[in-house]
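S.K.: As input, take target_23.txt (compact mmCIF, C-alpha atoms):
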```
# COMPACT_ATOMS: atom_id res chain seq x y z
CA MET A 121 88.37 -43.50 -43.57
CA ALA A 122 87.76 -44.72 -40.01
CA ALA A 123 86.63 -48.27 -39.30
CA VAL A 124 83.13 -48.96 -38.04
CA ARG A 125 82.95 -49.18 -34.24
CA LEU A 126 80.58 -51.68 -32.62
CA ILE A 127 78.39 -50.16 -29.89
CA SER A 128 75.97 -53.00 -29.08
CA THR A 129 74.58 -56.29 -30.35
CA SER A 130 71.21 -57.70 -29.36
CA THR A 131 68.39 -60.00 -30.48
CA VAL A 132 64.95 -58.59 -31.22
CA HIS A 133 61.94 -60.88 -30.98
CA ALA A 134 58.42 -60.47 -32.31
CA ALA A 135 56.19 -58.56 -29.92
CA ASN A 136 53.86 -61.47 -29.09
CA ASP A 137 53.42 -65.23 -29.26
CA ARG A 138 52.03 -65.32 -32.80
CA ALA A 139 55.57 -65.72 -34.11
CA SER A 140 56.47 -68.63 -31.82
CA SER A 141 54.56 -71.40 -33.58
CA GLY A 142 53.89 -72.77 -37.02
CA ARG A 143 55.93 -73.68 -40.07
CA ILE A 144 56.00 -72.58 -43.68
CA GLU A 145 56.92 -75.18 -46.28
CA LEU A 146 59.27 -73.71 -48.88
CA ASN A 147 58.80 -74.16 -52.61
CA THR A 148 61.07 -74.46 -55.64
CA TRP A 149 61.52 -70.70 -56.07
CA ASP A 150 62.75 -70.45 -52.46
CA ILE A 151 64.99 -73.51 -52.24
CA ARG A 152 66.90 -72.68 -55.43
CA ASN A 153 68.53 -69.75 -53.59
CA LEU A 154 70.28 -71.79 -50.89
CA GLN A 155 73.75 -71.10 -52.30
CA LEU A 156 73.37 -67.34 -52.71
CA GLY A 157 74.16 -64.74 -50.07
CA TYR A 158 71.68 -62.63 -48.14
CA ILE A 159 70.00 -59.66 -49.83
CA GLN A 160 71.68 -56.53 -48.44
CA LYS A 161 70.25 -53.06 -49.07
CA GLY A 162 70.36 -49.98 -46.89
CA LEU A 163 69.02 -46.46 -46.53
CA LEU A 164 71.08 -43.33 -45.82
CA PHE A 165 69.31 -40.59 -43.82
CA PRO A 166 70.22 -37.20 -42.43
CA LYS A 167 70.68 -37.32 -38.66
CA PRO A 168 67.31 -37.11 -36.86
CA LYS A 169 66.57 -34.02 -34.81
CA LEU A 170 66.20 -34.15 -31.03
CA PRO A 171 64.32 -35.48 -29.08
CA LEU A 172 64.54 -38.65 -31.22
CA GLN A 173 68.21 -39.17 -30.37
CA TYR A 174 69.03 -39.04 -26.66
CA ASN A 175 67.55 -38.44 -23.24
CA SER A 176 68.80 -39.19 -19.74
CA SER A 177 68.12 -42.90 -20.15
CA GLY A 178 70.13 -43.39 -23.35
CA ASN A 179 69.68 -43.52 -27.11
CA MET A 180 65.97 -43.07 -27.73
CA LEU A 181 66.26 -43.57 -31.49
CA ILE A 182 67.74 -47.06 -31.09
CA HIS A 183 65.08 -47.93 -28.51
CA HIS A 184 62.37 -46.67 -30.87
CA LEU A 185 63.72 -48.64 -33.85
CA LYS A 186 63.99 -51.84 -31.78
CA THR A 187 60.45 -51.45 -30.48
CA SER A 188 58.97 -50.73 -33.89
CA LEU A 189 60.96 -53.63 -35.37
CA SER A 190 59.52 -55.96 -32.73
CA HIS A 191 55.99 -54.85 -33.61
CA THR A 192 56.74 -55.30 -37.32
CA LEU A 193 57.97 -58.85 -36.69
CA HIS A 194 54.54 -59.60 -35.20
CA CYS A 195 53.27 -59.13 -38.77
CA PHE A 196 56.30 -60.92 -40.31
CA PRO A 197 56.79 -63.97 -38.02
CA LEU A 198 58.69 -65.81 -40.75
CA LEU A 199 61.63 -63.38 -40.42
CA ALA A 200 61.99 -64.07 -36.69
CA GLY A 201 62.32 -67.81 -37.35
CA ARG A 202 64.99 -70.13 -38.74
CA LEU A 203 65.38 -72.42 -41.73
CA ALA A 204 64.83 -76.08 -40.93
CA THR A 205 64.92 -79.40 -42.75
CA THR A 206 63.14 -82.74 -42.67
CA GLN A 207 65.12 -85.86 -43.57
CA HIS A 208 62.95 -88.47 -45.30
CA GLU A 209 63.41 -92.23 -45.43
CA ASP A 210 63.96 -92.26 -49.20
CA ASP A 211 67.17 -90.18 -48.87
CA THR A 212 65.39 -86.96 -49.77
CA ILE A 213 65.20 -83.71 -47.84
CA SER A 214 62.66 -80.90 -47.61
CA PHE A 215 62.98 -77.36 -46.31
CA PHE A 216 60.70 -75.17 -44.24
CA VAL A 217 60.78 -72.09 -42.03
CA ASP A 218 60.31 -72.82 -38.34
CA CYS A 219 58.45 -69.76 -37.02
CA ASN A 220 59.94 -70.18 -33.55
CA ASN A 221 60.57 -66.49 -32.78
CA ALA A 222 64.28 -67.16 -32.28
CA GLY A 223 64.69 -63.50 -33.18
CA VAL A 224 66.63 -61.23 -35.50
CA LEU A 225 70.09 -59.72 -35.14
CA PHE A 226 70.18 -56.01 -34.23
CA ILE A 227 73.49 -54.14 -34.25
CA HIS A 228 74.17 -50.55 -33.28
CA ALA A 229 77.47 -49.20 -34.61
CA ALA A 230 79.22 -45.93 -35.41
CA ALA A 231 81.47 -44.71 -38.22
CA ASP A 232 83.24 -41.96 -36.31
CA GLY A 233 83.98 -38.87 -38.40
CA VAL A 234 82.37 -40.29 -41.57
CA THR A 235 79.91 -37.88 -43.19
CA ILE A 236 77.10 -38.24 -45.69
CA SER A 237 79.32 -36.57 -48.29
CA ASP A 238 82.01 -39.21 -47.67
CA ILE A 239 79.46 -41.83 -48.77
CA ILE A 240 77.70 -40.19 -51.73
CA LYS A 241 80.32 -37.88 -53.28
CA PRO A 242 83.18 -40.24 -54.30
CA VAL A 243 83.15 -41.66 -57.83
CA TYR A 244 83.30 -45.20 -56.46
CA VAL A 245 81.23 -46.49 -53.55
CA PRO A 246 83.55 -46.41 -50.49
CA SER A 247 84.40 -49.86 -49.15
CA ILE A 248 83.33 -48.81 -45.64
CA VAL A 249 79.71 -49.05 -46.83
CA HIS A 250 80.02 -52.85 -46.74
CA SER A 251 80.68 -52.53 -42.99
CA PHE A 252 77.24 -50.94 -42.56
CA PHE A 253 75.61 -54.37 -42.87
CA SER A 254 75.35 -57.41 -40.63
CA LEU A 255 75.53 -61.11 -41.53
CA ASN A 256 78.29 -60.45 -44.05
CA GLY A 257 79.70 -63.47 -45.88
CA LEU A 258 76.81 -65.79 -45.00
CA HIS A 259 75.16 -68.01 -47.57
CA ASN A 260 71.45 -68.60 -47.26
CA TYR A 261 71.76 -72.21 -46.12
CA LYS A 262 73.32 -70.85 -42.91
CA GLY A 263 69.83 -69.65 -42.00
CA ILE A 264 69.43 -72.97 -40.19
CA THR A 265 71.70 -71.69 -37.41
CA HIS A 266 71.77 -67.93 -38.05
CA PRO A 267 69.06 -65.24 -38.09
CA LEU A 268 67.06 -64.81 -41.28
CA LEU A 269 67.13 -61.04 -40.78
CA GLY A 270 69.90 -58.75 -39.60
CA ILE A 271 69.55 -55.02 -38.97
CA GLN A 272 72.50 -52.66 -38.44
CA ILE A 273 72.08 -49.02 -37.46
CA THR A 274 75.30 -47.10 -38.12
CA ASP A 275 75.70 -43.56 -36.77
CA LEU A 276 77.56 -41.14 -39.06
CA ALA A 277 78.83 -37.69 -38.15
CA ASP A 278 75.79 -36.05 -39.75
CA GLY A 279 73.58 -38.99 -40.67
CA ILE A 280 72.39 -42.50 -39.99
CA PHE A 281 72.46 -45.63 -42.14
CA ILE A 282 69.90 -48.43 -41.73
CA GLY A 283 71.35 -51.61 -43.24
CA CYS A 284 69.08 -54.60 -43.76
CA SER A 285 70.17 -58.18 -44.57
CA ILE A 286 67.47 -60.77 -45.38
CA ASN A 287 67.94 -64.42 -46.25
CA HIS A 288 67.18 -64.82 -49.97
CA VAL A 289 65.52 -68.22 -49.40
CA VAL A 290 62.61 -66.53 -47.63
CA ALA A 291 62.32 -63.30 -49.66
CA ASP A 292 62.97 -61.86 -53.10
CA GLY A 293 63.56 -58.19 -53.86
CA ALA A 294 59.86 -57.31 -53.85
CA SER A 295 59.44 -58.96 -50.44
CA PHE A 296 62.61 -57.32 -49.10
CA TRP A 297 61.19 -53.84 -49.78
CA HIS A 298 57.73 -54.93 -48.63
CA PHE A 299 59.24 -55.59 -45.19
CA LEU A 300 61.20 -52.31 -45.08
CA ASN A 301 58.14 -50.34 -46.24
CA SER A 302 56.10 -51.99 -43.47
CA TRP A 303 58.71 -51.34 -40.76
CA SER A 304 58.94 -47.68 -41.72
CA GLU A 305 55.12 -47.41 -41.59
CA ILE A 306 55.03 -48.80 -38.05
CA SER A 307 58.03 -46.74 -36.99
CA LYS A 308 56.22 -43.60 -38.14
CA GLY A 309 53.15 -44.48 -36.07
CA SER A 310 50.87 -46.70 -38.14
CA ILE A 311 48.95 -49.35 -36.22
CA TYR A 312 47.86 -51.34 -39.27
CA LEU A 313 49.90 -52.21 -42.34
CA SER A 314 48.75 -50.84 -45.68
CA LYS A 315 49.89 -54.12 -47.29
CA PRO A 316 49.66 -57.14 -44.94
CA PRO A 317 51.96 -59.96 -46.15
CA VAL A 318 50.82 -63.38 -47.37
CA PHE A 319 53.27 -66.13 -46.38
CA GLN A 320 51.51 -69.27 -47.63
CA ARG A 321 53.66 -70.58 -50.49
CA TRP A 322 52.27 -71.16 -53.96
CA PHE A 323 52.38 -74.71 -55.38
CA PRO A 324 50.92 -75.98 -58.68
CA ASP A 325 47.73 -78.00 -58.32
CA GLY A 326 48.46 -81.66 -57.65
CA MET A 327 52.09 -81.19 -56.61
CA ASP A 328 53.28 -83.12 -53.56
CA ILE A 329 53.98 -80.95 -50.51
CA PRO A 330 56.57 -80.67 -49.07
CA ILE A 331 58.94 -80.57 -52.02
CA ARG A 332 61.53 -83.32 -51.59
CA ILE A 333 64.88 -83.24 -53.34
CA PRO A 334 67.73 -85.78 -53.26
CA GLN A 335 69.89 -85.43 -50.16
CA SER A 336 72.98 -85.78 -52.37
CA SER A 337 72.10 -82.57 -54.26
CA VAL A 338 72.33 -80.37 -51.18
CA ASN A 339 76.09 -80.40 -50.58
CA VAL A 340 75.95 -76.63 -50.67
CA GLU A 341 79.11 -75.87 -48.71
CA GLN A 342 81.28 -77.86 -51.14
CA ASN A 343 79.52 -76.25 -54.13
CA ASN A 344 80.52 -72.79 -52.92
CA GLU A 345 84.19 -73.49 -52.25
CA ASP A 346 85.31 -72.59 -55.77
CA PHE A 347 83.88 -69.05 -55.75
CA ILE A 348 86.41 -66.39 -54.77
CA LEU A 349 85.26 -62.78 -54.36
CA PRO A 350 87.15 -60.83 -57.04
CA PRO A 351 88.74 -57.36 -56.54
CA VAL A 352 85.77 -55.43 -57.95
CA ARG A 353 84.62 -51.85 -57.37
CA GLU A 354 81.15 -50.30 -57.48
CA ARG A 355 79.98 -47.09 -59.12
CA ILE A 356 76.52 -45.55 -59.17
CA PHE A 357 75.46 -44.30 -62.59
CA HIS A 358 72.54 -41.81 -62.54
CA PHE A 359 70.08 -41.64 -65.44
CA SER A 360 67.43 -38.89 -65.61
CA LYS A 361 63.86 -39.49 -66.77
CA GLU A 362 64.52 -37.27 -69.79
CA ASN A 363 67.60 -39.21 -70.92
CA ILE A 364 65.91 -42.56 -70.37
CA THR A 365 63.03 -41.38 -72.56
CA LYS A 366 65.53 -40.50 -75.30
CA LEU A 367 67.09 -43.99 -75.09
CA LYS A 368 63.67 -45.62 -75.32
CA ALA A 369 62.77 -43.58 -78.40
CA LYS A 370 66.12 -44.43 -80.03
CA ALA A 371 65.77 -48.18 -79.38
CA ASN A 372 62.21 -48.31 -80.70
CA ALA A 373 63.10 -46.25 -83.78
CA GLU A 374 65.97 -48.61 -84.63
CA MET A 375 63.62 -51.61 -84.54
CA GLY A 376 60.51 -49.97 -85.99
CA THR A 377 58.37 -50.76 -82.96
CA ASP A 378 56.91 -49.13 -79.87
CA LYS A 379 57.12 -52.17 -77.58
CA ILE A 380 60.62 -51.71 -76.11
CA SER A 381 60.38 -50.39 -72.55
CA SER A 382 62.46 -47.66 -70.95
CA LEU A 383 64.23 -50.20 -68.75
CA GLN A 384 65.02 -52.56 -71.63
CA ALA A 385 66.57 -49.68 -73.57
CA LEU A 386 68.61 -48.57 -70.56
CA LEU A 387 69.90 -52.08 -69.79
CA SER A 388 70.85 -52.54 -73.44
CA HIS A 389 72.80 -49.27 -73.28
CA ILE A 390 74.86 -50.34 -70.27
CA TRP A 391 75.32 -53.90 -71.58
CA ARG A 392 76.84 -52.63 -74.83
CA SER A 393 79.23 -50.30 -73.01
CA ALA A 394 80.32 -52.91 -70.46
CA ILE A 395 81.10 -55.52 -73.11
CA HIS A 396 82.75 -53.02 -75.47
CA ASN A 397 85.02 -51.84 -72.65
CA ARG A 398 85.92 -55.34 -71.55
CA SER A 399 87.61 -55.83 -74.95
CA PHE A 400 86.00 -59.19 -75.67
CA ASP A 401 86.79 -61.12 -78.84
CA PRO A 402 84.23 -60.11 -81.51
CA ASP A 403 83.02 -63.70 -81.90
CA GLN A 404 82.78 -64.37 -78.17
CA GLU A 405 79.28 -64.91 -76.84
CA THR A 406 78.06 -62.79 -73.95
CA ASN A 407 75.02 -63.32 -71.76
CA TYR A 408 72.72 -60.84 -70.07
CA ARG A 409 70.84 -62.49 -67.20
CA PHE A 410 67.80 -60.98 -65.54
CA VAL A 411 64.74 -62.09 -63.61
CA VAL A 412 61.07 -62.09 -64.56
CA GLY A 413 58.36 -61.76 -61.92
CA ALA A 414 55.65 -64.36 -61.28
CA ARG A 415 53.28 -62.08 -59.36
CA GLN A 416 52.16 -60.45 -62.61
CA ARG A 417 51.68 -63.81 -64.36
CA PHE A 418 49.52 -65.73 -61.87
CA GLN A 419 46.15 -64.49 -60.63
CA GLU A 420 46.47 -66.75 -57.59
CA ILE A 421 49.75 -65.08 -56.49
CA PRO A 422 48.82 -61.75 -54.89
CA ASP A 423 50.92 -58.62 -55.00
CA ASN A 424 51.54 -58.95 -51.25
CA TYR A 425 52.90 -62.52 -51.58
CA PHE A 426 55.95 -62.67 -49.29
CA GLY A 427 58.57 -65.06 -50.61
CA ASN A 428 60.36 -65.71 -53.88
CA ALA A 429 58.29 -65.35 -57.05
CA ILE A 430 60.87 -64.82 -59.78
CA LEU A 431 62.44 -66.82 -62.60
CA GLY A 432 65.83 -66.18 -64.13
CA THR A 433 66.25 -65.96 -67.89
CA PHE A 434 68.86 -64.57 -70.30
CA VAL A 435 69.73 -63.16 -73.70
CA THR A 436 72.83 -64.35 -75.58
CA MET A 437 74.60 -62.37 -78.30
CA LYS A 438 78.00 -62.33 -79.93
CA THR A 439 80.12 -59.34 -78.95
CA LYS A 440 80.24 -57.90 -82.48
CA GLU A 441 76.43 -58.14 -82.81
CA LEU A 442 75.89 -56.41 -79.50
CA VAL A 443 78.37 -53.59 -80.06
CA GLU A 444 77.82 -52.92 -83.77
CA GLN A 445 74.02 -53.12 -84.09
CA GLY A 446 72.89 -50.34 -81.72
CA ILE A 447 70.81 -50.54 -78.57
CA GLY A 448 67.59 -51.47 -80.36
CA ASN A 449 68.60 -55.01 -81.34
CA SER A 450 69.65 -56.15 -77.86
CA ALA A 451 66.72 -54.33 -76.21
CA TRP A 452 64.30 -56.03 -78.61
CA ARG A 453 65.75 -59.45 -77.80
CA MET A 454 65.22 -58.76 -74.08
CA ASN A 455 61.65 -57.73 -74.85
CA ARG A 456 60.93 -60.94 -76.77
CA ILE A 457 62.41 -63.18 -74.05
CA ILE A 458 60.30 -61.47 -71.39
CA ALA A 459 57.16 -61.71 -73.53
CA ALA A 460 57.78 -65.44 -74.04
CA THR A 461 58.14 -66.08 -70.30
CA THR A 462 54.58 -67.03 -69.44
CA GLY A 463 52.91 -68.59 -66.45
CA GLU A 464 53.33 -71.96 -68.15
CA SER A 465 57.10 -71.34 -68.31
CA PHE A 466 57.15 -70.82 -64.55
CA LYS A 467 55.07 -73.93 -63.90
CA LYS A 468 57.27 -76.13 -66.08
CA VAL A 469 60.47 -75.12 -64.26
CA PHE A 470 58.72 -75.41 -60.91
CA GLU A 471 57.44 -78.93 -61.51
CA CYS A 472 60.57 -80.35 -63.16
CA TRP A 473 63.10 -78.92 -60.71
CA PRO A 474 62.76 -81.36 -57.74
CA ALA A 475 63.76 -84.39 -59.84
CA SER A 476 67.03 -82.77 -60.90
CA PRO A 477 67.61 -79.74 -58.67
CA SER A 478 70.13 -77.05 -59.56
CA PHE A 479 70.85 -74.00 -57.45
CA VAL A 480 71.31 -70.37 -58.42
CA THR A 481 75.01 -69.49 -58.07
CA LEU A 482 77.28 -66.52 -58.49
CA SER A 483 79.04 -66.14 -61.82
CA ASN A 484 82.23 -64.61 -63.15
CA GLY A 485 83.17 -64.28 -66.80
CA ASP A 486 81.11 -63.26 -69.79
CA ALA A 487 77.75 -62.65 -68.09
CA LEU A 488 76.07 -59.52 -66.80
CA ILE A 489 73.34 -60.03 -64.22
CA THR A 490 70.67 -57.58 -63.12
CA SER A 491 69.21 -57.64 -59.63
CA SER A 492 66.58 -55.51 -57.89
CA SER A 493 64.16 -53.19 -59.69
CA PRO A 494 63.54 -49.44 -59.99
CA ARG A 495 59.85 -50.19 -59.41
CA PHE A 496 60.40 -50.94 -55.71
CA ASN A 497 59.42 -48.25 -53.20
CA MET A 498 62.81 -47.24 -51.80
CA TYR A 499 62.68 -43.50 -51.21
CA GLY A 500 59.24 -43.72 -49.58
CA ASN A 501 60.70 -45.26 -46.40
CA ASP A 502 60.14 -42.56 -43.77
CA PHE A 503 60.79 -43.91 -40.27
CA GLY A 504 59.60 -40.69 -38.65
CA TRP A 505 62.30 -38.13 -39.42
CA GLY A 506 62.16 -37.82 -43.21
CA LYS A 507 62.88 -39.81 -46.34
CA PRO A 508 66.27 -41.32 -47.25
CA ILE A 509 68.71 -39.43 -49.44
CA ALA A 510 70.53 -42.45 -50.94
CA ILE A 511 70.35 -46.24 -51.28
CA ARG A 512 73.41 -48.49 -51.06
CA SER A 513 74.04 -52.25 -50.96
CA GLY A 514 76.34 -54.57 -49.04
CA SER A 515 79.08 -56.94 -50.18
CA SER A 516 76.80 -59.96 -50.62
CA ASN A 517 76.44 -61.49 -54.09
CA LYS A 518 78.96 -59.13 -55.68
CA PHE A 519 81.05 -60.12 -58.68
CA ASP A 520 82.37 -58.69 -61.94
CA GLY A 521 79.22 -58.00 -63.95
CA MET A 522 76.55 -57.46 -61.28
CA LEU A 523 74.18 -54.57 -61.98
CA THR A 524 71.86 -53.50 -59.17
CA LEU A 525 68.89 -51.32 -60.09
CA TYR A 526 67.41 -48.58 -57.92
CA CYS A 527 64.78 -45.95 -58.49
CA GLY A 528 66.39 -42.52 -58.46
CA ALA A 529 65.61 -39.82 -55.92
CA GLU A 530 63.92 -37.79 -58.70
CA GLU A 531 60.68 -39.20 -60.09
CA GLY A 532 61.24 -41.32 -63.17
CA SER A 533 65.03 -41.45 -62.79
CA ILE A 534 67.00 -44.68 -62.36
CA ASP A 535 70.30 -45.40 -60.61
CA ILE A 536 72.39 -48.41 -61.60
CA GLU A 537 75.07 -49.70 -59.26
CA ALA A 538 77.64 -51.27 -61.60
CA CYS A 539 80.04 -53.77 -60.09
CA PHE A 540 83.07 -54.39 -62.34
CA PHE A 541 86.81 -54.64 -62.27
CA PRO A 542 88.31 -51.12 -61.89
CA GLU A 543 89.72 -51.09 -65.41
CA THR A 544 86.24 -51.71 -66.89
CA LEU A 545 84.69 -48.91 -64.84
CA GLU A 546 87.48 -46.54 -65.88
CA ALA A 547 86.99 -47.41 -69.55
CA MET A 548 83.23 -46.91 -69.27
CA ALA A 549 83.82 -43.48 -67.70
CA ASN A 550 85.83 -42.56 -70.82
CA ASP A 551 83.21 -43.99 -73.19
CA GLN A 552 81.50 -40.86 -74.56
CA GLU A 553 78.65 -42.78 -76.20
CA PHE A 554 77.77 -44.28 -72.82
CA MET A 555 78.46 -41.30 -70.56
CA HIS A 556 76.51 -38.70 -72.55
CA ILE A 557 73.34 -40.29 -71.10
CA VAL A 558 74.72 -40.41 -67.54
CA ILE A 559 74.09 -37.52 -65.12
CA VAL A 560 77.43 -36.77 -63.44
```
In structure tokens, how does this file's structure come out?

M.R.:
Amino acid sequence: MAAVRLISTSTVHAANDRASSGRIELNTWDIRNLQLGYIQKGLLFPKPKLPLQYNSSGNMLIHHLKTSLSHTLHCFPLLAGRLATTQHEDDTISFFVDCNNAGVLFIHAAADGVTISDIIKPVYVPSIVHSFFSLNGLHNYKGITHPLLGIQITDLADGIFIGCSINHVVADGASFWHFLNSWSEISKGSIYLSKPPVFQRWFPDGMDIPIRIPQSSVNVEQNNEDFILPPVRERIFHFSKENITKLKAKANAEMGTDKISSLQALLSHIWRSAIHNRSFDPDQETNYRFVVGARQRFQEIPDNYFGNAILGTFVTMKTKELVEQGIGNSAWRMNRIIAATTGESFKKVFECWPASPSFVTLSNGDALITSSSPRFNMYGNDFGWGKPIAIRSGSSNKFDGMLTLYCGAEEGSIDIEACFFPETLEAMANDQEFMHIVIV
């Protein structure tokens, strides 16, 4: 498959001066992500019809996307800024976003001869997809000197891919899609956003602002030196609404309850298969890590809060328990952990963290980690020439055991992008108990 060819690189600024002043103090939920990579998700579209593409003055589509992006940044000034720090006299440091309108990276590229079918038909996600994103390989702490947002438009033979990279210190998954939803609204002609963002960070009552942490705890570059990107592959597994409903019924029947959700049953199903096909020792413990949202647990955090509002948690089971006891047991444990994660749980972590800060890091080994959510509005992003036909992600934050969740193109369906070593993916594909639920 041909390499991606660079056509142009530019910087897009917010449309007016609103984005060139002010600062946003970052909180615990934001700062914990300094060592992670940028969030990278992208949308695959059919090629737009003329006259959106070209006229005598050049590529009108690229001009249109740049202009609409600039107007969107007027509503999202944080994304046009840079991370910044304040050094304090007591050897502590605090972090904020300088809304200086330094701008975002905008790349126009082409994958000559590559078709939509070349991207969506192969069993494994083609490696060229990773080249459809900008700011590859950057950790979030680099947002001090690099853009917080990077957009890459890649022309295909019969389509177009819009790749978006956002610094995870300033946005979680909900905020990532909030921005893309807003950009597509403006691109399609809206003057006002249906969901204006709120940037003011949430802090518990009585907490000192800004949050100061020991300078010695922020040696992030050294802390990342020991992580080596493994030779993993990615495969998209499709699950229909009907099959997910069957899994939910099975899990609830096994446990004699009706509280297990569709997603909990589905994640239990893939967890069991992944661990079974990794050939772990029966007594070895395995972890499933996932995030719980704060927006639903605090009345004072609105749905349009733009930032990080999530807390990581996990379920631990021995391999033999997980594999032998059916999907209900592991799904029920997920359910109980989520139910026990209350607003008070969030506050406790938030308030205790600055005294002994630890950062979210990538992991290899016995853990599976879920990112993203099928509840995000992905297929509703119409920039003016129709809705996307597929969602894909970049190379950032990939390791053996990462599961990325997407809503499916059909209502109620879910796609899971499974990132594993090739031998695990091959074994899962031959696992009849797992695959009979997958739509091939």

S.K.: Is it possible to get the axis-aligned box enclosing range 473-489 of chain A (all listed atoms, 3 Å extra per side) as JSON, with centre and edge lengths in Å rounded to one decimal?

M.R.:
```
{"center_x": 73.0, "center_y": -72.0, "center_z": -63.6, "size_x": 26.4, "size_y": 30.9, "size_z": 18.3}
```

S.K.: Do a neighbour search on range 363-365 of chain A at 7 Å with only C-alpha atoms, toss out local chain neighbours closer than 6 positions, and write the hits as number ranges by chain.

M.R.: A: 382, 386, 557

S.K.: Write a file of the selected residues as a PDB file, keeping the file's coordinate frame, keeping C-alpha atoms.

M.R.:
```pdb
ATOM      1  CA  SER A 382      62.460 -47.660 -70.950  1.00  0.00           C
ATOM      2  CA  LEU A 386      68.610 -48.570 -70.560  1.00  0.00           C
ATOM      3  CA  ILE A 557      73.340 -40.290 -71.100  1.00  0.00           C
TER       4      ILE A 557
END
```

S.K.: Which polymer residues have any atom within 10 Å of an atom of range 527-544 of chain A, counting only C-alpha atoms, with same-chain residues fewer than 4 positions away left out, as a PyMOL selection string?

M.R.: chain A and resi 244-245+350-365+383+386-387+390+393-399+488+490-500+507-513+518-523+548-550+558-559

S.K.: Determine, counting only C-alpha atoms, which protein, DNA and RNA residues have an atom within 9 Å of an atom of range 196-212 of chain A; residues of the same chain fewer than 3 positions away are not included. Present the result as an NGL selection string.

M.R.: :A and (132-134 or 138-141 or 143-144 or 192-193 or 215-224 or 261-269 or 286-287 or 289-290 or 299 or 316-317 or 319 or 332-336)

S.K.: Using all atoms listed in the file, pick whichever of A:Ile182, A:Leu164, A:Leu431, A:Ile311 has the shortest atom-to-atom distance to His228 in chain A.

M.R.: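 Looking at the shortest contact to His228 in chain A, the residue is A:Ile182.
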
S.K.: Could you check which of A:Leu181, A:Phe226, A:Asp150, A:Ser237 is closest to Thr129 in chain A, using only C-alpha atoms?

M.R.: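 Among the listed residues, A:Phe226 lies closest to Thr129 in chain A.
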
S.K.: With a distance cut-off of 12 Å and only C-alpha atoms, select the neighbouring residues of Ser128 in chain A, excluding the residue or stretch itself and same-chain residues fewer than 6 positions from it, and output the selection as number ranges by chain.

M.R.: A: 179, 182, 225-230, 271-274

S.K.: What is the distance between CA of Asn339 in chain A and CA of Gly257 in chain A, in Å to one decimal?

M.R.: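 So the answer is 17.9 Å.
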
S.K.: Can you tell me, as an MDAnalysis selection string, what residues are no more than 12 Å from range 469-474 of chain A when counting only C-alpha atoms, ignoring any on the same chain fewer than 3 positions away?

M.R.: chainID A and resid 147:152 212:214 322:335 337:338 414 429:433 461:466 477:479

S.K.: For the atom pair CA of Asp278 in chain A and CA of Leu126 in chain A, what is the interatomic distance in Å to one decimal place?

M.R.: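 So the answer is 17.8 Å.
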
S.K.: Quick one: pull the distance between CA of His298 in chain A and CA of Phe426 in chain A, Å, one decimal.

M.R.: 8.0 Å

S.K.: Between A:Trp505, A:Trp391, A:Trp303, A:Tyr526, which one has atoms that come closest to Lys161 in chain A, using all atoms listed in the file?

M.R.: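 Of A:Trp505, A:Trp391, A:Trp303, A:Tyr526, the one nearest Lys161 in chain A is A:Tyr526, counting all atoms listed in the file.
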
S.K.: Identify which of the residues A:Arg415, A:His194, A:His288, A:Lys169 lies closest to Leu258 in chain A, counting only C-alpha atoms when measuring atom-to-atom distances.

M.R.: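 Comparing A:Arg415, A:His194, A:His288, A:Lys169 against Leu258 in chain A, the winner is A:His288.
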
S.K.: Which one of A:His250, A:Gly270, A:Asn153, A:Lys366 sits closest to Asn428 in chain A if you count all atoms listed in the file?

M.R.: A:Asn153

S.K.: Please determine, counting all atoms listed in the file, which residue among A:Ser304, A:Ser254, A:Asn424, A:Ser285 has the shortest atom-to-atom distance to Val318 in chain A.

M.R.: A:Asn424
